[in-house]
Amino acid sequence: ADGGSAVFLIIAVLDIGRINANFGYEAGDRVIDVAGERILRRMRQGDVFGSFSGHKFGAILNDCDERALIIAAERFRETVRGEAIDCDGAAVRADVAIGAVMLPQHALSGAMAANRAEEALGDARRDVDRHLNLYEPSATRDALRRRNVEVAETIQRGLVEDRFLLAYQPIASAADRTVISHEALSRLVLSSEEIVSGGPYVEVAEKLGLIRRLDMRALTLVMADLQASPSLRLSVNVSPETLADPAWLSMLVAGACRDGDALRRLTIEITETAALSRMDDLRHVVATVRDIGCRIAIDDFGSGHTSLRMLRDIKPDWLKIDGAFIRDIGHDEDAVVFVRALTTLADHFGIRTVAEFVQDEASAALLAELGITAFQGRLIGEPRLRVGPGATVLDGLDGDGWLRGPLVVAPA
């Protein structure tokens, strides 16, 4: 109002989850309190500082340009990192990340300042050299944000109107091409009646906190089809966030209580990266899943930091080798070596293997020689959209996930 300028900061104390896990919640609270006290002592007279939320503080630095911001941010980090914090005899070191926005240049209200500083903070966490980021306008980012809003509305409308369905892609034995199971893949029927792959929506759903609802919907559909079709065997993916959700696991257990035989024909697929990042949660989930008769598959194996310990501790029933190593295996000697090593490792632990994205007979023959147990991909069959008991609908999606031509109904 006076024509001046300022910078609004959100200062986050880093690794509080790790500190809580290793030293206890009281230690985490003390680290936050001491970090705040240290930063407050380094504030200039006339600046504003206070608690923002949880492990975050807010600050307003008056008459501050970008150069002064860099100096101030380094001062705050130095005072927090300079000396270990005593937590009942444990010496704990802390650090902070800082997101900032210029006022009023890039924010005309408190709410806008908070949102943009939070956005900058997300980038600051990835800036390992400075842990500081100043918000700058971006047409690309704004367009992405608008797209996220549209996708979120589409997802929520699809859930409310029951427009999410499952397409089943066959998985066949490498030895005789007999179909042994199907992977359940999400499909969304838009209000225009066009059918799109659910895959592009998953990333946005994870960012916006909607992925658990999608996973719950997929599990509901899978359990219903297993109960309706006694010969059907299915696998379904679960996201890292859903793994830690007691409601999802309770739904699975309740399904087993209603029809234990149906759940013994279900495999739960967990991506390798999710398994490695949530080993503690995963052990509990795996124990419960196995108790009710389901199987466990590690999906996209080889896409992350392949862990011998994970195979030893979890001992999944299946490893699904990431398609990046399968697509061009006939022309990639490195991929051949990698797949051979994985199949040898899996055989040692008594784990069966699935090669994803098997496209042609030449690749299939080579993969069989390497010891792969089963194939999934175009060679075995495209996904088929199941619309209810007694019928399926041929999916026929193009490369962008859109349906090619009219729906074709065929006997189940």
# chains A, B, ... in the order shown; residues from 1 in each chain; ligands from 1
>>> residues_around(residues="range 209-223 of chain A", least_positions_apart="2", cutoff="8 Å", atoms="only C-alpha atoms", output="PyMOL selection string")
chain A and resi 152+159+164-166+184+186+202+205-207+225-227+234+236-239+241-242+245+248+252+255+262-263
>>> residues_around(residues="Arg295 in chain A", least_positions_apart="6", cutoff="10 Å", atoms="only C-alpha atoms", output="list in words")
Ser235, Leu263, Arg264, Arg265, Leu266, Thr267, Ile268, Glu269, Val286, Val289, Pro316, Asp317 and Trp318 of chain A
>>> write_last_selection(atoms="N, CA and C atoms", output="tab-separated table (two decimals), in the first residue's frame")
chain	number	residue	atom	x	y	z
A	235	SER	N	-4.40	-59.67	-12.16
A	235	SER	CA	-3.46	-58.88	-11.37
A	235	SER	C	-3.89	-57.42	-11.46
A	263	LEU	N	-10.16	-64.32	-4.07
A	263	LEU	CA	-8.94	-63.57	-3.79
A	263	LEU	C	-7.68	-64.41	-3.98
A	264	ARG	N	-7.81	-65.73	-3.94
A	264	ARG	CA	-6.65	-66.58	-4.22
A	264	ARG	C	-6.28	-66.58	-5.70
A	265	ARG	N	-7.13	-65.96	-6.52
A	265	ARG	CA	-6.84	-65.82	-7.96
A	265	ARG	C	-6.42	-64.39	-8.31
A	266	LEU	N	-6.01	-63.63	-7.29
A	266	LEU	CA	-5.61	-62.23	-7.50
A	266	LEU	C	-4.13	-62.04	-7.17
A	267	THR	N	-3.45	-61.29	-8.04
A	267	THR	CA	-2.06	-60.88	-7.79
A	267	THR	C	-2.01	-59.37	-7.64
A	268	ILE	N	-1.35	-58.90	-6.61
A	268	ILE	CA	-1.18	-57.46	-6.38
A	268	ILE	C	0.17	-57.04	-6.95
A	269	GLU	N	0.14	-56.08	-7.89
A	269	GLU	CA	1.37	-55.60	-8.53
A	269	GLU	C	1.83	-54.30	-7.87
A	286	VAL	N	2.53	-57.21	2.46
A	286	VAL	CA	2.81	-58.53	1.88
A	286	VAL	C	2.35	-59.64	2.82
A	289	VAL	N	-1.46	-59.72	2.63
A	289	VAL	CA	-1.89	-60.19	1.31
A	289	VAL	C	-1.69	-61.70	1.20
A	316	PRO	N	8.72	-62.00	-3.84
A	316	PRO	CA	7.48	-61.93	-4.62
A	316	PRO	C	7.27	-63.21	-5.41
A	317	ASP	N	6.04	-63.44	-5.81
A	317	ASP	CA	5.74	-64.61	-6.64
A	317	ASP	C	6.17	-64.38	-8.09
A	318	TRP	N	6.10	-63.09	-8.53
A	318	TRP	CA	6.42	-62.75	-9.91
A	318	TRP	C	7.31	-61.51	-9.97
>>> residues_around(residues="Phe301 in chain A", least_positions_apart="3", cutoff="6 Å", atoms="only C-alpha atoms", output="list of chain:residue names")
A:Glu272, A:Lys320, A:Ile321, A:Asp322
>>> closest_residue(among="A:Ala228, A:Val336, A:Ser191, A:Val204", to="Arg146 in chain A", atoms="only C-alpha atoms")
A:Val204
>>> closest_residue(among="A:Leu185, A:Ala355, A:Ala100, A:Ile32", to="Tyr168 in chain A", atoms="only C-alpha atoms")
A:Leu185
>>> closest_atom_pairs(of="range 245-334 of chain A", to="range 365-379 of chain A", cutoff="9 Å", atoms="only C-alpha atoms", output="Markdown table")
| residue | atom | partner | partner_atom | distance |
| --- | --- | --- | --- | --- |
| A:Ile326 | CA | A:Leu367 | CA | 8.5 |
| A:Ile329 | CA | A:Leu366 | CA | 8.2 |
| A:Gly330 | CA | A:Leu366 | CA | 7.4 |
>>> select_by_dssp(residues="range 183-245 of chain A", states="strand (DSSP E or B)", output="VMD selection string")
chain A and resid 183 to 189 195 to 197 234 to 237
>>> write_last_selection(atoms="all heavy atoms", output="compact mmCIF listing (two decimals), in the first residue's frame")
# COMPACT_ATOMS: atom_id res chain seq x y z
N GLU A 183 -3.76 -58.86 -16.75
CA GLU A 183 -3.52 -57.65 -15.95
C GLU A 183 -4.68 -56.69 -16.15
O GLU A 183 -5.10 -56.41 -17.28
CB GLU A 183 -2.23 -56.96 -16.35
CG GLU A 183 -1.97 -55.71 -15.50
CD GLU A 183 -0.68 -54.98 -15.84
OE1 GLU A 183 0.09 -55.49 -16.69
OE2 GLU A 183 -0.43 -53.90 -15.27
N ALA A 184 -5.23 -56.17 -15.04
CA ALA A 184 -6.33 -55.22 -15.09
C ALA A 184 -5.78 -53.81 -15.26
O ALA A 184 -4.97 -53.35 -14.46
CB ALA A 184 -7.15 -55.30 -13.80
N LEU A 185 -6.22 -53.13 -16.32
CA LEU A 185 -5.75 -51.79 -16.66
C LEU A 185 -6.93 -50.82 -16.69
O LEU A 185 -7.97 -51.13 -17.28
CB LEU A 185 -5.06 -51.80 -18.03
CG LEU A 185 -3.89 -52.78 -18.16
CD1 LEU A 185 -3.51 -52.95 -19.63
CD2 LEU A 185 -2.70 -52.31 -17.35
N SER A 186 -6.79 -49.66 -16.07
CA SER A 186 -7.89 -48.70 -15.97
C SER A 186 -8.19 -48.06 -17.32
O SER A 186 -7.29 -47.71 -18.07
CB SER A 186 -7.56 -47.61 -14.96
OG SER A 186 -7.55 -48.12 -13.66
N ARG A 187 -9.48 -47.89 -17.59
CA ARG A 187 -9.96 -47.15 -18.75
C ARG A 187 -11.06 -46.20 -18.26
O ARG A 187 -11.82 -46.53 -17.34
CB ARG A 187 -10.52 -48.09 -19.82
CG ARG A 187 -9.49 -49.05 -20.42
CD ARG A 187 -8.48 -48.30 -21.26
NE ARG A 187 -7.54 -49.18 -21.92
CZ ARG A 187 -6.29 -49.40 -21.51
NH1 ARG A 187 -5.86 -48.82 -20.40
NH2 ARG A 187 -5.48 -50.18 -22.19
N LEU A 188 -11.13 -45.04 -18.88
CA LEU A 188 -12.12 -44.03 -18.49
C LEU A 188 -13.03 -43.73 -19.67
O LEU A 188 -12.55 -43.41 -20.76
CB LEU A 188 -11.41 -42.75 -18.04
CG LEU A 188 -12.31 -41.53 -17.74
CD1 LEU A 188 -13.30 -41.86 -16.63
CD2 LEU A 188 -11.45 -40.33 -17.37
N VAL A 189 -14.34 -43.83 -19.45
CA VAL A 189 -15.32 -43.46 -20.47
C VAL A 189 -15.65 -41.98 -20.26
O VAL A 189 -16.23 -41.60 -19.25
CB VAL A 189 -16.60 -44.30 -20.35
CG1 VAL A 189 -17.58 -43.93 -21.47
CG2 VAL A 189 -16.27 -45.79 -20.39
N ILE A 195 -13.37 -43.54 -25.13
CA ILE A 195 -12.71 -44.30 -24.08
C ILE A 195 -11.21 -44.04 -24.15
O ILE A 195 -10.60 -44.15 -25.20
CB ILE A 195 -12.99 -45.81 -24.24
CG1 ILE A 195 -14.49 -46.07 -24.14
CG2 ILE A 195 -12.24 -46.61 -23.19
CD1 ILE A 195 -14.87 -47.51 -24.39
N VAL A 196 -10.64 -43.67 -23.02
CA VAL A 196 -9.20 -43.36 -22.98
C VAL A 196 -8.53 -44.22 -21.93
O VAL A 196 -9.15 -44.67 -20.96
CB VAL A 196 -8.95 -41.86 -22.67
CG1 VAL A 196 -9.46 -40.98 -23.78
CG2 VAL A 196 -9.58 -41.47 -21.33
N SER A 197 -7.25 -44.44 -22.13
CA SER A 197 -6.45 -45.18 -21.16
C SER A 197 -6.39 -44.41 -19.85
O SER A 197 -6.27 -43.18 -19.84
CB SER A 197 -5.04 -45.38 -21.71
OG SER A 197 -4.18 -45.86 -20.69
N LEU A 234 -6.47 -62.65 -12.19
CA LEU A 234 -6.18 -61.25 -12.48
C LEU A 234 -5.03 -60.73 -11.64
O LEU A 234 -4.74 -61.25 -10.56
CB LEU A 234 -7.42 -60.38 -12.21
CG LEU A 234 -8.66 -60.62 -13.05
CD1 LEU A 234 -9.81 -59.74 -12.55
CD2 LEU A 234 -8.38 -60.36 -14.52
N SER A 235 -4.40 -59.67 -12.16
CA SER A 235 -3.46 -58.88 -11.37
C SER A 235 -3.89 -57.42 -11.46
O SER A 235 -4.45 -57.00 -12.48
CB SER A 235 -2.02 -59.06 -11.88
OG SER A 235 -1.88 -58.58 -13.20
N VAL A 236 -3.62 -56.66 -10.39
CA VAL A 236 -4.01 -55.25 -10.36
C VAL A 236 -2.91 -54.45 -9.69
O VAL A 236 -2.28 -54.91 -8.73
CB VAL A 236 -5.36 -55.06 -9.62
CG1 VAL A 236 -5.24 -55.43 -8.14
CG2 VAL A 236 -5.88 -53.65 -9.79
N ASN A 237 -2.65 -53.25 -10.22
CA ASN A 237 -1.59 -52.39 -9.68
C ASN A 237 -2.09 -51.62 -8.48
O ASN A 237 -3.26 -51.26 -8.38
CB ASN A 237 -1.13 -51.38 -10.75
CG ASN A 237 -0.29 -52.05 -11.81
OD1 ASN A 237 0.91 -52.23 -11.64
ND2 ASN A 237 -0.91 -52.42 -12.92
>>> closest_residue(among="A:Ile314, A:Ala97, A:Gly28, A:Gln156", to="Val285 in chain A", atoms="only C-alpha atoms")
A:Ile314
>>> residues_around(residues="Asp300 in chain A", least_positions_apart="2", cutoff="9 Å", atoms="only C-alpha atoms", output="PyMOL selection string")
chain A and resi 270-273+298+302-304+319-324+356
>>> write_last_selection(atoms="C-alpha atoms", output="tab-separated table (two decimals), in the first residue's frame")
chain	number	residue	atom	x	y	z
A	270	ILE	CA	3.71	-53.12	-6.86
A	271	THR	CA	6.30	-51.14	-8.84
A	272	GLU	CA	9.94	-51.70	-7.95
A	273	THR	CA	10.47	-48.04	-7.03
A	298	ILE	CA	7.02	-56.55	-8.52
A	302	GLY	CA	14.86	-53.04	-13.44
A	303	SER	CA	13.53	-49.48	-13.75
A	304	GLY	CA	14.82	-48.52	-10.29
A	319	LEU	CA	8.94	-60.28	-11.32
A	320	LYS	CA	7.68	-58.28	-14.30
A	321	ILE	CA	10.74	-57.07	-16.19
A	322	ASP	CA	10.46	-53.47	-17.36
A	323	GLY	CA	9.57	-53.12	-21.04
A	324	ALA	CA	12.55	-50.82	-21.65
A	356	GLU	CA	6.45	-56.95	-20.62
>>> select_by_dssp(residues="range 69-213 of chain A", states="helix (DSSP H, G or I)", output="ChimeraX atom specification")
/A:69-81,110-124,139-160,199-207,211-213
>>> atom_distance(atom1="CA of Arg157 in chain A", atom2="CA of Leu190 in chain A")
9.3 Å
>>> residues_around(residues="Ser5 in chain A", least_positions_apart="5", cutoff="9 Å", atoms="only C-alpha atoms", output="PyMOL selection string")
chain A and resi 61-65+102-105
>>> write_last_selection(atoms="all heavy atoms", output="PDB file, in the first residue's frame")
ATOM      1  N   LEU A  61      10.492 -10.313   4.402  1.00  0.00           N
ATOM      2  CA  LEU A  61      11.695  -9.471   4.435  1.00  0.00           C
ATOM      3  C   LEU A  61      11.384  -8.190   3.674  1.00  0.00           C
ATOM      4  O   LEU A  61      11.202  -8.220   2.452  1.00  0.00           O
ATOM      5  CB  LEU A  61      12.883 -10.203   3.799  1.00  0.00           C
ATOM      6  CG  LEU A  61      13.186 -11.623   4.298  1.00  0.00           C
ATOM      7  CD1 LEU A  61      14.448 -12.146   3.631  1.00  0.00           C
ATOM      8  CD2 LEU A  61      13.313 -11.653   5.806  1.00  0.00           C
ATOM      9  N   ASN A  62      11.312  -7.086   4.371  1.00  0.00           N
ATOM     10  CA  ASN A  62      10.963  -5.806   3.750  1.00  0.00           C
ATOM     11  C   ASN A  62      12.165  -5.202   3.030  1.00  0.00           C
ATOM     12  O   ASN A  62      13.317  -5.432   3.415  1.00  0.00           O
ATOM     13  CB  ASN A  62      10.457  -4.840   4.824  1.00  0.00           C
ATOM     14  CG  ASN A  62       9.120  -5.289   5.381  1.00  0.00           C
ATOM     15  OD1 ASN A  62       8.145  -5.406   4.648  1.00  0.00           O
ATOM     16  ND2 ASN A  62       9.079  -5.572   6.681  1.00  0.00           N
ATOM     17  N   ASP A  63      11.870  -4.427   1.966  1.00  0.00           N
ATOM     18  CA  ASP A  63      12.921  -3.748   1.187  1.00  0.00           C
ATOM     19  C   ASP A  63      14.047  -4.720   0.836  1.00  0.00           C
ATOM     20  O   ASP A  63      15.225  -4.466   1.114  1.00  0.00           O
ATOM     21  CB  ASP A  63      13.478  -2.564   1.979  1.00  0.00           C
ATOM     22  CG  ASP A  63      12.408  -1.529   2.267  1.00  0.00           C
ATOM     23  OD1 ASP A  63      11.585  -1.266   1.363  1.00  0.00           O
ATOM     24  OD2 ASP A  63      12.372  -1.013   3.394  1.00  0.00           O
ATOM     25  N   CYS A  64      13.677  -5.809   0.197  1.00  0.00           N
ATOM     26  CA  CYS A  64      14.645  -6.879  -0.086  1.00  0.00           C
ATOM     27  C   CYS A  64      14.585  -7.209  -1.570  1.00  0.00           C
ATOM     28  O   CYS A  64      13.524  -7.557  -2.094  1.00  0.00           O
ATOM     29  CB  CYS A  64      14.306  -8.112   0.756  1.00  0.00           C
ATOM     30  SG  CYS A  64      15.445  -9.501   0.537  1.00  0.00           S
ATOM     31  N   ASP A  65      15.733  -7.116  -2.254  1.00  0.00           N
ATOM     32  CA  ASP A  65      15.791  -7.518  -3.658  1.00  0.00           C
ATOM     33  C   ASP A  65      16.370  -8.931  -3.743  1.00  0.00           C
ATOM     34  O   ASP A  65      16.653  -9.575  -2.725  1.00  0.00           O
ATOM     35  CB  ASP A  65      16.611  -6.527  -4.478  1.00  0.00           C
ATOM     36  CG  ASP A  65      18.039  -6.371  -3.971  1.00  0.00           C
ATOM     37  OD1 ASP A  65      18.520  -7.257  -3.206  1.00  0.00           O
ATOM     38  OD2 ASP A  65      18.683  -5.365  -4.317  1.00  0.00           O
ATOM     39  N   MET A 102       8.476 -12.529  -4.736  1.00  0.00           N
ATOM     40  CA  MET A 102       8.593 -11.077  -4.609  1.00  0.00           C
ATOM     41  C   MET A 102       7.197 -10.461  -4.482  1.00  0.00           C
ATOM     42  O   MET A 102       6.277 -10.826  -5.205  1.00  0.00           O
ATOM     43  CB  MET A 102       9.307 -10.494  -5.837  1.00  0.00           C
ATOM     44  CG  MET A 102      10.719 -11.036  -6.084  1.00  0.00           C
ATOM     45  SD  MET A 102      11.899 -10.681  -4.763  1.00  0.00           S
ATOM     46  CE  MET A 102      11.969  -8.883  -4.845  1.00  0.00           C
ATOM     47  N   LEU A 103       7.095  -9.500  -3.542  1.00  0.00           N
ATOM     48  CA  LEU A 103       5.841  -8.777  -3.318  1.00  0.00           C
ATOM     49  C   LEU A 103       6.037  -7.290  -3.620  1.00  0.00           C
ATOM     50  O   LEU A 103       7.050  -6.728  -3.205  1.00  0.00           O
ATOM     51  CB  LEU A 103       5.397  -8.933  -1.854  1.00  0.00           C
ATOM     52  CG  LEU A 103       5.332 -10.345  -1.278  1.00  0.00           C
ATOM     53  CD1 LEU A 103       4.931 -10.286   0.192  1.00  0.00           C
ATOM     54  CD2 LEU A 103       4.344 -11.199  -2.057  1.00  0.00           C
ATOM     55  N   PRO A 104       5.110  -6.664  -4.319  1.00  0.00           N
ATOM     56  CA  PRO A 104       3.872  -7.210  -4.897  1.00  0.00           C
ATOM     57  C   PRO A 104       4.035  -7.676  -6.332  1.00  0.00           C
ATOM     58  O   PRO A 104       3.051  -7.969  -6.997  1.00  0.00           O
ATOM     59  CB  PRO A 104       2.945  -6.004  -4.830  1.00  0.00           C
ATOM     60  CG  PRO A 104       3.852  -4.849  -5.117  1.00  0.00           C
ATOM     61  CD  PRO A 104       5.168  -5.190  -4.463  1.00  0.00           C
ATOM     62  N   GLN A 105       5.275  -7.770  -6.811  1.00  0.00           N
ATOM     63  CA  GLN A 105       5.523  -8.047  -8.229  1.00  0.00           C
ATOM     64  C   GLN A 105       4.839  -9.331  -8.699  1.00  0.00           C
ATOM     65  O   GLN A 105       4.233  -9.367  -9.778  1.00  0.00           O
ATOM     66  CB  GLN A 105       7.035  -8.135  -8.479  1.00  0.00           C
ATOM     67  CG  GLN A 105       7.418  -8.357  -9.934  1.00  0.00           C
ATOM     68  CD  GLN A 105       8.932  -8.426 -10.097  1.00  0.00           C
ATOM     69  OE1 GLN A 105       9.680  -8.275  -9.124  1.00  0.00           O
ATOM     70  NE2 GLN A 105       9.385  -8.640 -11.320  1.00  0.00           N
TER      71      GLN A 105
END
>>> closest_residue(among="A:Val80, A:Val7, A:Ile155, A:Val92", to="Gly24 in chain A", atoms="only C-alpha atoms")
A:Val92
